[in-house]
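Chemist: My file is coords.cif. It has mmCIF, C-alpha atoms:
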```cif
data_my_file
loop_
_atom_site.group_PDB
_atom_site.id
_atom_site.type_symbol
_atom_site.label_atom_id
_atom_site.label_comp_id
_atom_site.auth_asym_id
_atom_site.auth_seq_id
_atom_site.Cartn_x
_atom_site.Cartn_y
_atom_site.Cartn_z
ATOM 1 C CA MET A 1 -7.609 3.531 12.964
ATOM 2 C CA SER A 2 -4.955 1.894 10.784
ATOM 3 C CA GLN A 3 -2.920 3.669 8.099
ATOM 4 C CA TRP A 4 -4.847 1.773 5.406
ATOM 5 C CA GLU A 5 -8.192 2.980 6.824
ATOM 6 C CA LYS A 6 -6.896 6.562 7.019
ATOM 7 C CA LEU A 7 -5.705 6.405 3.408
ATOM 8 C CA ILE A 8 -9.058 5.034 2.215
ATOM 9 C CA GLU A 9 -10.852 7.775 4.151
ATOM 10 C CA GLN A 10 -8.662 10.448 2.524
ATOM 11 C CA ILE A 11 -9.316 9.032 -0.934
ATOM 12 C CA LEU A 12 -13.074 8.859 -0.382
ATOM 13 C CA ARG A 13 -13.033 12.465 0.895
ATOM 14 C CA GLU A 14 -11.182 13.311 -2.333
ATOM 15 C CA ASP A 15 -8.490 15.098 -0.336
ATOM 16 C CA ALA A 16 -6.524 17.465 -2.577
ATOM 17 C CA HIS A 17 -3.324 16.786 -0.600
ATOM 18 C CA LEU A 18 -3.007 13.181 -1.760
ATOM 19 C CA ARG A 19 0.245 12.314 -3.476
ATOM 20 C CA PHE A 20 0.920 9.952 -6.359
ATOM 21 C CA GLU A 21 2.604 7.538 -3.947
ATOM 22 C CA ASP A 22 -0.553 7.375 -1.792
ATOM 23 C CA LEU A 23 -2.778 6.519 -4.753
ATOM 24 C CA CYS A 24 -0.215 4.021 -6.044
ATOM 25 C CA ARG A 25 -0.069 2.253 -2.669
ATOM 26 C CA ALA A 26 -3.864 2.054 -2.456
ATOM 27 C CA LEU A 27 -4.276 0.708 -5.992
ATOM 28 C CA GLU A 28 -1.571 -1.920 -5.526
ATOM 29 C CA LYS A 29 -3.127 -3.077 -2.245
ATOM 30 C CA MET A 30 -6.463 -3.477 -4.075
ATOM 31 C CA GLY A 31 -4.833 -5.808 -6.612
ATOM 32 C CA TYR A 32 -3.865 -3.439 -9.427
ATOM 33 C CA THR A 33 -0.461 -3.777 -11.077
ATOM 34 C CA ALA A 34 1.476 -0.718 -12.191
ATOM 35 C CA ARG A 35 3.195 -0.375 -15.540
ATOM 36 C CA GLN A 36 5.999 2.135 -15.580
ATOM 37 C CA PRO A 37 6.119 4.472 -18.535
ATOM 38 C CA ARG A 38 8.670 4.180 -21.272
ATOM 39 C CA GLY A 39 10.022 6.886 -23.495
ATOM 40 C CA GLY A 40 9.999 9.727 -20.987
ATOM 41 C CA SER A 41 6.292 9.668 -20.111
ATOM 42 C CA SER A 42 5.216 10.436 -16.564
ATOM 43 C CA HIS A 43 1.901 8.549 -16.764
ATOM 44 C CA TYR A 44 1.593 5.208 -14.955
ATOM 45 C CA THR A 45 -1.127 2.741 -15.920
ATOM 46 C CA PHE A 46 -2.682 0.510 -13.260
ATOM 47 C CA ARG A 47 -4.467 -2.636 -14.434
ATOM 48 C CA LYS A 48 -6.581 -5.273 -12.724
ATOM 49 C CA PRO A 49 -8.401 -8.135 -14.440
ATOM 50 C CA GLY A 50 -12.081 -7.308 -14.868
ATOM 51 C CA CYS A 51 -11.600 -3.583 -14.211
ATOM 52 C CA MET A 52 -10.969 -0.565 -16.398
ATOM 53 C CA PRO A 53 -7.327 0.565 -16.419
ATOM 54 C CA ILE A 54 -6.491 3.717 -14.471
ATOM 55 C CA THR A 55 -3.802 6.077 -15.764
ATOM 56 C CA ILE A 56 -2.274 8.580 -13.337
ATOM 57 C CA PRO A 57 0.568 11.048 -13.982
ATOM 58 C CA ARG A 58 3.384 11.305 -11.490
ATOM 59 C CA HIS A 59 2.835 15.021 -10.869
ATOM 60 C CA THR A 60 2.521 17.183 -7.815
ATOM 61 C CA PRO A 61 -0.129 18.272 -7.102
ATOM 62 C CA LEU A 62 -2.509 15.752 -8.667
ATOM 63 C CA LYS A 63 -5.605 17.032 -10.410
ATOM 64 C CA LYS A 64 -8.891 16.181 -8.761
ATOM 65 C CA ALA A 65 -9.984 14.096 -11.776
ATOM 66 C CA TYR A 66 -7.304 11.493 -11.005
ATOM 67 C CA ILE A 67 -8.283 11.343 -7.351
ATOM 68 C CA LEU A 68 -11.916 10.827 -8.419
ATOM 69 C CA LEU A 69 -10.875 7.863 -10.617
ATOM 70 C CA VAL A 70 -9.159 6.182 -7.691
ATOM 71 C CA ALA A 71 -12.059 7.007 -5.335
ATOM 72 C CA GLU A 72 -14.408 5.255 -7.771
ATOM 73 C CA ALA A 73 -12.124 2.197 -7.799
ATOM 74 C CA VAL A 74 -12.016 2.197 -3.973
ATOM 75 C CA ARG A 75 -15.810 2.279 -3.759
ATOM 76 C CA ALA A 76 -16.032 -0.678 -6.159
ATOM 77 C CA TYR A 77 -13.386 -2.530 -4.109
ATOM 78 C CA LEU A 78 -15.251 -1.941 -0.842
ATOM 79 C CA GLU A 79 -18.489 -3.277 -2.374
ATOM 80 C CA GLU A 80 -16.818 -6.603 -3.269
#
```
What is this file in structure tokens?
Modeler:
Amino acid sequence: MSQWEKLIEQILREDAHLRFEDLCRALEKMGYTARQPRGGSSHYTFRKPGCMPITIPRHTPLKKAYILLVAEAVRAYLEE
């Protein structure tokens, strides 16, 4: 099983040990672009044409709500 498949599996399991970097890597591989915050904010916004933007804070640990947002995006990506 490749690293990409393992990461997708972790996201779909909604693993609480996922880091911001893991979610960022997955979103970028699915075609999202990240916008870095300005003015001291820790929230990154990921955008993809035709999809709702996803905003994730660069915190450790991540709240489950953010992992659920990315899991939803992964499911939509896998259906394409």
Chemist: With all atoms listed in the file as the basis for distance, which of A:Glu21, A:Glu28, A:Asp15, A:Glu5 is at the shortest distance from Arg47 (chain A)?
Modeler: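 Closest residue, counting all atoms listed in the file: A:Glu28.
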Chemist: Figure out the distance between CA of Ala34 (chain A) and CA of Ile56 (chain A), please, to one decimal in Å.
Modeler: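 Computing the Euclidean distance for CA of Ile56 (chain A) and CA of Ala34 (chain A) yields 10.1 Å.
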Chemist: Identify all residues satisfying the PyMOL selection byres ((chain A and resi 23) around 12) in the given file; provide them as a PyMOL selection string.
Modeler: chain A and resi 4+7-8+10-12+14-22+24-30+32+34+44-46+54-59+62+66-71+73-74
Chemist: Quick one: distance from CA of Lys48 (chain A) to CA of Met1 (chain A) in Å, one decimal?
Modeler: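 CA of Met1 (chain A) lies at a distance of 27.2 Å from CA of Lys48 (chain A).
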Chemist: Emit as JSON the padded axis-aligned box for all listed atoms of region 5-23 of chain A, 4 Å per side, with centre and edge lengths in Å to one decimal.
Modeler:
```
{"center_x": -5.2, "center_y": 10.2, "center_z": 0.3, "size_x": 23.7, "size_y": 22.5, "size_z": 21.4}
```
Chemist: For the atom pair CA of Ser2 (chain A) and CA of Glu72 (chain A), what is the interatomic distance in Å to one decimal place?
Modeler: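 Distance between the two atoms: 21.1 Å.
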